[in-house]
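Colleague: Please find protein32.tsv (TSV, C-alpha atoms) on the next line:
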chain	number	residue	atom	x	y	z
A	1	MET	CA	-227.94	60.72	-220.36
A	2	ALA	CA	-227.04	57.95	-217.91
A	3	GLU	CA	-226.10	55.69	-220.83
A	4	LEU	CA	-223.67	58.28	-222.16
A	5	GLN	CA	-222.00	58.64	-218.78
A	6	THR	CA	-221.49	54.90	-218.32
A	7	HIS	CA	-220.78	53.93	-221.92
A	8	PRO	CA	-217.65	51.72	-222.05
A	9	CYS	CA	-215.96	54.00	-224.58
A	10	ARG	CA	-216.21	57.16	-222.49
A	11	SER	CA	-213.05	56.36	-220.56
A	12	GLN	CA	-211.21	56.17	-223.89
A	13	SER	CA	-212.77	59.30	-225.32
A	14	ALA	CA	-210.93	61.46	-227.82
A	15	ALA	CA	-209.77	64.91	-226.83
A	16	SER	CA	-212.05	67.89	-227.42
A	17	TYR	CA	-212.03	69.21	-230.96
A	18	ALA	CA	-209.97	72.24	-229.92
A	19	GLU	CA	-207.38	69.89	-228.43
A	20	VAL	CA	-207.37	67.80	-231.62
A	21	LEU	CA	-206.57	70.92	-233.64
A	22	ASP	CA	-203.76	71.89	-231.26
A	23	LYS	CA	-202.22	68.43	-231.54
A	24	MET	CA	-202.61	68.47	-235.31
A	25	ARG	CA	-200.64	71.70	-235.64
A	26	LEU	CA	-197.76	70.20	-233.68
A	27	LEU	CA	-197.83	67.15	-235.95
A	28	LEU	CA	-197.56	69.06	-239.25
A	29	PRO	CA	-193.74	69.40	-239.36
A	30	VAL	CA	-193.40	65.73	-238.40
A	31	LEU	CA	-195.62	64.66	-241.31
A	32	ARG	CA	-193.77	66.98	-243.66
A	33	ALA	CA	-190.45	65.41	-242.68
A	34	ARG	CA	-191.86	61.93	-243.32
A	35	VAL	CA	-192.91	62.61	-246.91
A	36	PRO	CA	-189.89	60.86	-248.52
A	37	GLN	CA	-190.35	57.82	-246.27
A	38	THR	CA	-194.09	57.73	-246.97
A	39	ASN	CA	-193.57	57.81	-250.73
A	40	ASN	CA	-190.78	55.22	-250.62
A	41	LEU	CA	-192.90	52.84	-248.53
A	42	ARG	CA	-195.89	53.40	-250.83
A	43	GLN	CA	-198.06	53.52	-247.72
A	44	LEU	CA	-198.35	55.53	-244.52
A	45	PRO	CA	-195.57	54.67	-242.05
A	46	GLU	CA	-196.77	52.87	-238.94
A	47	ALA	CA	-195.74	55.92	-236.93
A	48	THR	CA	-198.11	58.10	-238.96
A	49	CYS	CA	-201.04	55.72	-238.38
A	50	ASP	CA	-200.17	55.75	-234.68
A	51	ASP	CA	-200.13	59.57	-234.71
A	52	ILE	CA	-203.54	59.67	-236.41
A	53	ARG	CA	-204.97	57.39	-233.72
A	54	ARG	CA	-203.26	59.02	-230.76
A	55	ASN	CA	-204.31	62.54	-231.77
A	56	GLY	CA	-207.92	61.68	-232.66
A	57	LEU	CA	-207.63	63.01	-236.22
A	58	ALA	CA	-209.85	60.33	-237.76
A	59	ARG	CA	-212.47	60.79	-235.03
A	60	ILE	CA	-213.59	64.36	-235.68
A	61	LEU	CA	-216.94	63.17	-237.12
A	62	GLN	CA	-217.24	60.08	-234.93
A	63	PRO	CA	-220.22	60.08	-232.53
A	64	ALA	CA	-219.45	61.53	-229.10
A	65	ARG	CA	-221.02	58.50	-227.39
A	66	TYR	CA	-218.05	56.48	-228.66
A	67	GLY	CA	-215.48	59.09	-227.69
A	68	GLY	CA	-215.43	60.98	-230.99
A	69	ALA	CA	-215.37	64.76	-231.30
A	70	GLU	CA	-218.71	64.89	-233.19
A	71	ALA	CA	-217.49	68.21	-234.53
A	72	PRO	CA	-219.33	70.20	-237.23
A	73	LEU	CA	-218.92	69.23	-240.89
A	74	GLU	CA	-216.64	72.22	-241.34
A	75	SER	CA	-214.07	70.42	-239.18
A	76	MET	CA	-213.15	68.38	-242.27
A	77	ILE	CA	-211.77	71.55	-243.81
A	78	ASP	CA	-210.04	72.63	-240.58
A	79	VAL	CA	-208.11	69.35	-240.48
A	80	LEU	CA	-207.55	68.28	-244.08
A	81	VAL	CA	-206.30	71.58	-245.51
A	82	PRO	CA	-203.35	71.81	-243.07
A	83	ILE	CA	-202.61	68.07	-243.26
A	84	GLY	CA	-202.73	68.29	-247.06
A	85	SER	CA	-200.18	71.11	-246.98
A	86	ALA	CA	-197.84	68.88	-244.95
A	87	CYS	CA	-198.22	65.48	-246.65
A	88	SER	CA	-200.52	64.80	-249.59
A	89	SER	CA	-200.71	61.04	-249.02
A	90	THR	CA	-201.45	61.39	-245.31
A	91	ALA	CA	-204.28	63.83	-246.04
A	92	TRP	CA	-205.76	61.55	-248.70
A	93	CYS	CA	-205.75	58.51	-246.40
A	94	LEU	CA	-207.00	60.54	-243.45
A	95	ALA	CA	-209.92	61.74	-245.57
A	96	GLN	CA	-210.90	58.08	-246.05
A	97	TYR	CA	-210.57	57.31	-242.35
A	98	ILE	CA	-212.67	60.35	-241.40
A	99	VAL	CA	-215.50	59.73	-243.84
A	100	HIS	CA	-215.81	56.02	-243.15
A	101	ASN	CA	-216.08	56.66	-239.41
A	102	TYR	CA	-218.74	59.21	-240.32
A	103	MET	CA	-220.55	56.58	-242.39
A	104	ILE	CA	-220.50	53.93	-239.67
A	105	ALA	CA	-222.73	56.15	-237.54
A	106	ARG	CA	-225.54	55.13	-239.93
A	107	TRP	CA	-225.21	51.40	-239.17
A	108	PRO	CA	-227.24	49.71	-236.40
A	109	LYS	CA	-225.94	50.18	-232.86
A	110	GLU	CA	-224.80	46.55	-232.78
A	111	ALA	CA	-222.39	47.23	-235.65
A	112	GLN	CA	-221.09	50.44	-234.08
A	113	ASP	CA	-220.51	48.63	-230.80
A	114	ALA	CA	-218.69	45.79	-232.57
A	115	ILE	CA	-216.13	48.25	-233.95
A	116	TRP	CA	-215.87	51.11	-231.51
A	117	ILE	CA	-216.27	49.50	-228.09
A	118	GLU	CA	-213.33	47.20	-228.74
A	119	LYS	CA	-211.28	49.78	-230.67
A	120	PRO	CA	-212.72	53.30	-230.51
A	121	ASP	CA	-209.79	54.73	-232.49
A	122	ALA	CA	-210.17	52.22	-235.35
A	123	LEU	CA	-209.06	53.36	-238.80
A	124	VAL	CA	-211.59	52.44	-241.47
A	125	SER	CA	-210.83	52.33	-245.20
A	126	GLY	CA	-213.20	51.38	-247.98
A	127	ILE	CA	-214.44	51.63	-251.54
A	128	LEU	CA	-217.98	52.45	-252.63
A	129	ILE	CA	-218.45	50.95	-256.10
A	130	PRO	CA	-221.48	48.64	-255.69
A	131	LEU	CA	-221.40	46.99	-259.11
A	132	LEU	CA	-218.01	45.42	-258.35
A	133	GLY	CA	-219.37	43.39	-255.44
A	134	LYS	CA	-221.88	40.56	-255.51
A	135	ALA	CA	-223.59	39.23	-252.39
A	136	THR	CA	-225.94	36.35	-251.72
A	137	ARG	CA	-228.39	36.27	-248.83
A	138	VAL	CA	-227.78	33.49	-246.31
A	139	ASP	CA	-229.03	32.76	-242.81
A	140	ARG	CA	-228.27	35.72	-240.50
A	141	GLY	CA	-226.50	37.77	-243.19
A	142	ALA	CA	-224.93	37.53	-246.63
A	143	THR	CA	-221.80	36.24	-248.36
A	144	LEU	CA	-219.84	38.81	-250.35
A	145	SER	CA	-217.40	38.43	-253.23
A	146	GLY	CA	-215.72	40.99	-255.45
A	147	ARG	CA	-212.65	42.98	-256.39
A	148	TRP	CA	-212.39	46.74	-255.99
A	149	PRO	CA	-209.67	49.24	-256.99
A	150	PHE	CA	-208.28	52.40	-255.34
A	151	VAL	CA	-208.77	51.46	-251.68
A	152	SER	CA	-206.65	54.25	-250.20
A	153	GLY	CA	-205.18	53.71	-246.74
A	154	ILE	CA	-206.06	50.02	-246.66
A	155	ASN	CA	-202.67	48.93	-245.25
A	156	GLY	CA	-203.15	50.92	-242.07
A	157	ALA	CA	-206.85	50.18	-241.63
A	158	ASP	CA	-208.55	48.06	-238.97
A	159	TRP	CA	-211.89	47.76	-240.79
A	160	CYS	CA	-213.16	48.18	-244.33
A	161	VAL	CA	-216.44	49.40	-245.89
A	162	LEU	CA	-217.29	47.65	-249.16
A	163	ALA	CA	-220.20	48.14	-251.54
A	164	GLY	CA	-221.99	45.44	-253.48
A	165	MET	CA	-225.28	44.25	-254.90
A	166	ILE	CA	-227.28	41.69	-252.90
A	167	GLU	CA	-229.24	39.26	-255.02
A	168	ASN	CA	-232.96	39.65	-254.50
A	169	SER	CA	-235.89	37.32	-254.94
A	170	ALA	CA	-236.70	36.15	-258.45
A	171	GLY	CA	-237.83	38.94	-260.73
A	172	ASN	CA	-236.62	41.75	-258.45
A	173	PRO	CA	-233.44	43.77	-259.08
A	174	PRO	CA	-230.46	43.35	-256.75
A	175	VAL	CA	-230.21	45.72	-253.78
A	176	GLU	CA	-227.32	48.20	-253.49
A	177	SER	CA	-225.78	47.49	-250.08
A	178	TYR	CA	-222.78	48.35	-247.89
A	179	PHE	CA	-220.79	45.90	-245.81
A	180	LEU	CA	-218.47	46.28	-242.80
A	181	LEU	CA	-215.60	43.78	-242.68
A	182	PRO	CA	-212.54	43.45	-240.44
A	183	ARG	CA	-209.41	44.30	-242.38
A	184	ASP	CA	-208.00	40.78	-241.90
A	185	GLN	CA	-210.85	39.34	-244.00
A	186	VAL	CA	-209.74	41.37	-247.02
A	187	SER	CA	-206.96	40.38	-249.43
A	188	ILE	CA	-204.76	43.28	-250.57
A	189	LEU	CA	-203.44	43.08	-254.14
A	190	ASP	CA	-200.25	45.11	-254.70
A	191	THR	CA	-201.46	47.30	-257.58
A	192	TRP	CA	-200.79	50.91	-256.54
A	193	TYR	CA	-197.96	52.42	-258.59
A	194	GLY	CA	-199.31	55.92	-259.19
A	195	ILE	CA	-197.46	58.93	-260.57
A	196	GLY	CA	-198.64	60.85	-257.52
A	197	LEU	CA	-200.09	60.20	-254.06
A	198	LYS	CA	-197.51	57.44	-253.97
A	199	GLY	CA	-197.86	56.85	-250.23
A	200	THR	CA	-201.61	56.19	-250.17
A	201	ALA	CA	-201.44	52.40	-250.76
A	202	SER	CA	-204.50	52.74	-252.99
A	203	HIS	CA	-204.36	49.06	-253.88
A	204	ASP	CA	-207.01	46.74	-255.27
A	205	ILE	CA	-208.65	44.49	-252.69
A	206	GLN	CA	-210.53	41.24	-253.03
A	207	VAL	CA	-212.91	39.08	-251.00
A	208	LYS	CA	-214.32	35.66	-251.86
A	209	ASP	CA	-217.50	34.34	-250.25
A	210	VAL	CA	-216.90	36.23	-247.00
A	211	PHE	CA	-219.79	36.00	-244.54
A	212	VAL	CA	-221.06	39.38	-243.30
A	213	PRO	CA	-223.57	39.38	-240.40
A	214	LYS	CA	-226.88	41.12	-241.03
A	215	HIS	CA	-226.20	43.92	-238.53
A	216	MET	CA	-223.00	44.82	-240.45
A	217	ILE	CA	-224.98	45.50	-243.66
A	218	VAL	CA	-227.01	48.57	-244.63
A	219	GLY	CA	-228.76	49.65	-247.83
A	220	ILE	CA	-228.20	52.80	-249.87
A	221	LYS	CA	-231.24	54.40	-248.20
A	222	ASP	CA	-229.37	54.38	-244.89
A	223	LEU	CA	-226.70	56.64	-246.41
A	224	MET	CA	-229.13	59.15	-247.89
A	225	GLY	CA	-230.19	60.90	-244.69
A	226	GLY	CA	-233.68	60.93	-243.23
A	227	ASP	CA	-234.49	57.69	-241.46
A	228	PHE	CA	-231.42	55.43	-241.22
A	229	ALA	CA	-230.58	52.36	-239.17
A	230	GLY	CA	-228.40	54.21	-236.66
A	231	ARG	CA	-230.51	57.31	-236.18
A	232	SER	CA	-231.88	56.35	-232.77
A	233	THR	CA	-228.28	55.87	-231.61
A	234	ASN	CA	-226.93	59.03	-233.27
A	235	PRO	CA	-229.80	61.53	-233.56
A	236	GLY	CA	-227.62	64.64	-233.87
A	237	ALA	CA	-227.88	66.93	-236.90
A	238	LEU	CA	-224.33	66.03	-237.93
A	239	PHE	CA	-225.46	62.57	-239.05
A	240	ARG	CA	-228.63	63.54	-240.94
A	241	PRO	CA	-227.21	64.73	-244.30
A	242	PRO	CA	-226.80	62.23	-247.14
A	243	VAL	CA	-223.24	60.91	-246.87
A	244	TYR	CA	-222.28	61.05	-250.53
A	245	MET	CA	-223.20	64.72	-250.61
A	246	THR	CA	-220.29	65.52	-248.27
A	247	PHE	CA	-217.53	63.49	-249.96
A	248	GLY	CA	-216.45	66.29	-252.29
A	249	ILE	CA	-215.92	68.72	-249.42
A	250	LEU	CA	-213.70	66.18	-247.72
A	251	LEU	CA	-211.43	65.38	-250.66
A	252	THR	CA	-211.32	68.90	-252.08
A	253	SER	CA	-210.08	70.11	-248.68
A	254	ALA	CA	-207.06	67.83	-249.08
A	255	VAL	CA	-206.46	69.17	-252.62
A	256	ILE	CA	-206.58	72.77	-251.38
A	257	GLY	CA	-203.98	71.91	-248.76
A	258	MET	CA	-201.71	70.38	-251.41
A	259	THR	CA	-202.02	73.51	-253.54
A	260	GLU	CA	-201.21	75.72	-250.57
A	261	ALA	CA	-198.01	73.69	-250.16
A	262	ILE	CA	-197.04	74.37	-253.80
A	263	LEU	CA	-197.66	78.08	-253.35
A	264	VAL	CA	-195.58	78.26	-250.16
A	265	GLU	CA	-192.78	76.29	-251.81
A	266	TYR	CA	-192.75	78.61	-254.81
A	267	LEU	CA	-192.80	81.80	-252.72
A	268	THR	CA	-190.01	80.51	-250.49
A	269	HIS	CA	-187.68	79.85	-253.41
A	270	SER	CA	-188.72	82.65	-255.79
A	271	ARG	CA	-187.48	85.26	-253.32
A	272	LYS	CA	-183.93	84.04	-253.83
A	273	SER	CA	-184.28	82.64	-257.35
A	274	ILE	CA	-182.35	84.32	-260.14
A	275	THR	CA	-183.52	83.79	-263.72
A	276	ILE	CA	-180.84	82.36	-265.98
A	277	MET	CA	-181.65	84.55	-268.99
A	278	SER	CA	-181.96	87.98	-267.33
A	279	GLY	CA	-180.00	87.54	-264.10
A	280	LYS	CA	-182.85	89.19	-262.16
A	281	GLU	CA	-184.80	87.90	-259.16
A	282	SER	CA	-187.82	86.00	-260.50
A	283	GLY	CA	-190.07	87.46	-257.82
A	284	THR	CA	-189.56	90.96	-259.20
A	285	PHE	CA	-191.39	90.22	-262.45
A	286	GLN	CA	-194.86	91.75	-262.53
A	287	ALA	CA	-196.30	88.78	-264.44
A	288	GLN	CA	-195.17	86.47	-261.64
A	289	GLN	CA	-196.76	88.66	-259.01
A	290	ILE	CA	-200.04	88.74	-260.92
A	291	LYS	CA	-200.17	84.95	-261.23
A	292	VAL	CA	-199.33	84.48	-257.55
A	293	GLY	CA	-202.14	86.87	-256.66
A	294	GLU	CA	-204.55	85.01	-258.94
A	295	ALA	CA	-203.59	81.63	-257.49
A	296	THR	CA	-203.98	82.93	-253.94
A	297	ALA	CA	-207.43	84.35	-254.72
A	298	ALA	CA	-208.49	81.05	-256.30
A	299	LEU	CA	-207.46	79.12	-253.19
A	300	ASN	CA	-209.26	81.58	-250.91
A	301	ALA	CA	-212.41	81.33	-253.03
A	302	ALA	CA	-212.27	77.52	-253.12
A	303	GLN	CA	-212.01	77.24	-249.36
A	304	ALA	CA	-214.71	79.85	-248.77
A	305	LEU	CA	-217.09	77.91	-251.02
A	306	LEU	CA	-216.48	74.68	-249.12
A	307	ARG	CA	-216.97	76.34	-245.74
A	308	SER	CA	-220.19	78.03	-246.85
A	309	ASP	CA	-221.59	74.72	-248.11
A	310	ALA	CA	-220.54	72.78	-244.98
A	311	ARG	CA	-222.35	75.28	-242.77
A	312	GLU	CA	-225.42	75.31	-245.01
A	313	ILE	CA	-225.63	71.50	-245.14
A	314	GLN	CA	-225.51	71.28	-241.35
A	315	ALA	CA	-228.07	74.07	-240.94
A	316	ARG	CA	-230.46	72.24	-243.27
A	317	ALA	CA	-229.91	69.05	-241.28
A	318	ALA	CA	-230.61	70.85	-237.99
A	319	SER	CA	-233.96	71.88	-239.49
A	320	ASN	CA	-234.64	68.28	-240.56
A	321	GLU	CA	-234.66	69.41	-244.17
A	322	GLN	CA	-234.01	66.58	-246.61
A	323	PRO	CA	-232.25	67.85	-249.75
A	324	ASP	CA	-233.71	66.92	-253.12
A	325	ASP	CA	-231.70	65.66	-256.10
A	326	ALA	CA	-230.89	69.14	-257.37
A	327	THR	CA	-229.69	70.32	-253.96
A	328	ARG	CA	-227.45	67.30	-253.51
A	329	SER	CA	-226.03	67.84	-256.96
A	330	LYS	CA	-225.38	71.49	-256.10
A	331	TYR	CA	-223.18	70.65	-253.13
A	332	ARG	CA	-221.31	67.95	-255.02
A	333	SER	CA	-220.69	70.21	-258.04
A	334	ASN	CA	-219.64	73.10	-255.80
A	335	ALA	CA	-216.97	70.88	-254.26
A	336	ALA	CA	-215.78	69.79	-257.70
A	337	TYR	CA	-215.66	73.43	-258.83
A	338	ALA	CA	-213.63	74.35	-255.75
A	339	SER	CA	-211.26	71.52	-256.64
A	340	GLN	CA	-210.99	72.87	-260.17
A	341	LEU	CA	-210.04	76.29	-258.76
A	342	ALA	CA	-207.33	74.68	-256.65
A	343	TYR	CA	-206.04	72.64	-259.60
A	344	GLN	CA	-205.89	75.73	-261.81
A	345	ALA	CA	-203.97	77.58	-259.08
A	346	ALA	CA	-201.52	74.70	-258.78
A	347	HIS	CA	-201.06	74.63	-262.55
A	348	MET	CA	-200.30	78.35	-262.57
A	349	ILE	CA	-197.61	77.90	-259.93
A	350	PHE	CA	-196.17	74.87	-261.73
A	351	ASP	CA	-195.90	76.97	-264.89
A	352	LEU	CA	-194.30	79.86	-262.97
A	353	ALA	CA	-191.68	77.52	-261.55
A	354	GLY	CA	-190.47	76.77	-265.06
A	355	ALA	CA	-187.89	74.09	-265.85
A	356	ARG	CA	-186.84	73.72	-262.21
A	357	ALA	CA	-190.14	72.00	-261.44
A	358	VAL	CA	-189.52	69.05	-263.77
A	359	TYR	CA	-186.71	67.46	-261.76
A	360	THR	CA	-187.52	64.42	-259.65
A	361	ASN	CA	-186.24	66.22	-256.55
A	362	SER	CA	-188.55	69.21	-257.10
A	363	GLU	CA	-191.11	69.63	-254.33
A	364	ILE	CA	-193.32	71.66	-256.65
A	365	GLY	CA	-193.22	68.94	-259.29
A	366	ARG	CA	-193.87	66.21	-256.73
A	367	ILE	CA	-196.87	67.92	-255.17
A	368	PHE	CA	-198.27	68.90	-258.56
A	369	LEU	CA	-198.37	65.21	-259.52
A	370	ASP	CA	-200.13	64.48	-256.21
A	371	ILE	CA	-202.77	67.03	-257.20
A	372	VAL	CA	-203.06	65.61	-260.72
A	373	VAL	CA	-203.81	62.18	-259.25
A	374	ALA	CA	-206.14	63.48	-256.52
A	375	THR	CA	-208.26	65.41	-259.01
A	376	ARG	CA	-208.89	62.24	-261.05
A	377	HIS	CA	-211.27	61.10	-258.30
A	378	VAL	CA	-214.91	61.06	-259.38
A	379	THR	CA	-215.90	63.61	-256.72
A	380	GLN	CA	-213.51	66.07	-258.36
A	381	ASN	CA	-215.01	65.67	-261.84
A	382	LEU	CA	-217.11	68.75	-262.57
A	383	ASP	CA	-218.78	67.26	-265.65
A	384	ILE	CA	-220.10	64.31	-263.64
A	385	THR	CA	-221.07	66.16	-260.46
A	386	THR	CA	-222.99	68.92	-262.24
A	387	THR	CA	-225.42	66.28	-263.51
A	388	VAL	CA	-228.46	65.94	-261.27
A	389	CYS	CA	-228.56	62.37	-260.04
A	390	CYS	CA	-230.43	60.29	-257.49
A	391	SER	CA	-227.45	58.86	-255.58
A	392	GLY	CA	-226.75	59.99	-252.01
Would you encode the structure as structure tokens?
Modeller:
Amino acid sequence: MAELQTHPCRSQSAASYAEVLDKMRLLLPVLRARVPQTNNLRQLPEATCDDIRRNGLARILQPARYGGAEAPLESMIDVLVPIGSACSSTAWCLAQYIVHNYMIARWPKEAQDAIWIEKPDALVSGILIPLLGKATRVDRGATLSGRWPFVSGINGADWCVLAGMIENSAGNPPVESYFLLPRDQVSILDTWYGIGLKGTASHDIQVKDVFVPKHMIVGIKDLMGGDFAGRSTNPGALFRPPVYMTFGILLTSAVIGMTEAILVEYLTHSRKSITIMSGKESGTFQAQQIKVGEATAALNAAQALLRSDAREIQARAASNEQPDDATRSKYRSNAAYASQLAYQAAHMIFDLAGARAVYTNSEIGRIFLDIVVATRHVTQNLDITTTVCCSG
């Protein structure tokens, strides 16, 4: 306990989780007003990154010893649904910053200190496609080279998590590994011109023969729960679940928020919308009311499923229960199914909006394209996630 009281980050600690939520609610209209600027810049404005840092939004799953909230897994939903309803791109980038902070808790203490003592509110981006990176063992670490796509939020990040395969001794297969690099060691390639999530700066990145110290590298086993390099530093139940198992909850929460924004936008305008053909208020049509009710129920069900799984995952972790392949697949497929419910709800509202939604100045059309892009992510693919697999 004495170490926690004197830890150098304690004086820079984030607010309590309740305070983070209060600050987040005040920030929502600000983020909503910045949407045009965010999309035009094709990245988060500097002011938005500053707001994320200042209000501790990326630190909800960061260990308390470094000033993070160390809130329950369900906090991802509490934060990302409202942020997603305000600004799709901000929610998508914030999801990356939250989960990569969560991942870093698995690294050795020396790595955590290297990042969080100097900058406890660091924003961390990353991409976890191991086959795109190749590393060679050298004295005191490894050299890493590779090119990776879709690195959302990279422009505003301070650090980056990259995945690659470390060459092993002759006759042995390479080892799937994860590397922590300062953002200034990564080259950003201007490739992100998406039809949606335009402000996420989901560019390709590249590194060439970059040296990564040994303590900044972990293997896939360290991300699969159980015994991991950082467990003695962060023994709490929050950090015991396999990391990959939680990704779907994180990103689907953002998608649910985006869909809520479409629904609110439609309801706001349908009350005063007059159909061209009949001259009647569109909101008076029974078919419209039925579809709105169906979309609302789908969103409620999607969020309830995520919350139930987040609580169950943490309860299993508190009991030191390590999930098997089928259990991990269950949580990942549940998140993808919840995303599918949200997407179907958004599609219903887009259809209800009719021709008005196809204009470039349509908020419904804009957000629907954000959802189309977000649901292309592998964690949102129900066919893939319903397959039992051995990854984390």
Colleague: Please compute the CA of Arg32 (chain A)-CA of Asn155 (chain A) distance, one decimal, in Å.
Modeller: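 The value is 20.2 Å.
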Colleague: Nearest to Thr143 (chain A) among A:Pro174, A:Gly225, A:Pro213, A:Gly67, with distances taken over only C-alpha atoms: which residue is it?
Modeller: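 The closest residue to Thr143 (chain A) is A:Pro213.
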Colleague: Would you pick out the contacts of Ser145 (chain A) at 10 Å or less, using all atoms listed in the file, so that residues sharing its chain but fewer than 2 positions from it are not included, and give the list as a ChimeraX atom specification?
Modeller: /A:132-136,143,147,164-165,206-211
Colleague: For region 234-244 of chain A, take all atoms listed in the file, fit an axis-aligned box around them, add 4 Å to each of the six sides, then output centre and edge lengths in Å rounded to one decimal, as lines of an AutoDock Vina configuration file.
Modeller:
center_x = -226.0
center_y = 63.0
center_z = -241.9
size_x = 15.5
size_y = 15.9
size_z = 25.3
Colleague: Would you pick out the contacts of region 187-194 of chain A at 8 Å or less, using all atoms listed in the file, so that residues sharing its chain but fewer than 6 positions from it are not included, and give the list as a PyMOL selection string?
Modeller: chain A and resi 42+150+154+201-207+373
Colleague: Quick one, how far is CA of Asp121 (chain A) from CA of Arg53 (chain A)?
Modeller: 5.6 Å
Colleague: Which one of A:Thr233, A:Thr259, A:Ser125, A:Asn101 sits closest to Asn300 (chain A) if you count only C-alpha atoms?
Modeller: A:Thr259
Colleague: How many Å lie between CA of Arg240 (chain A) and CA of Gln96 (chain A), rounded to one decimal?
Modeller: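 A separation of 19.2 Å between them.
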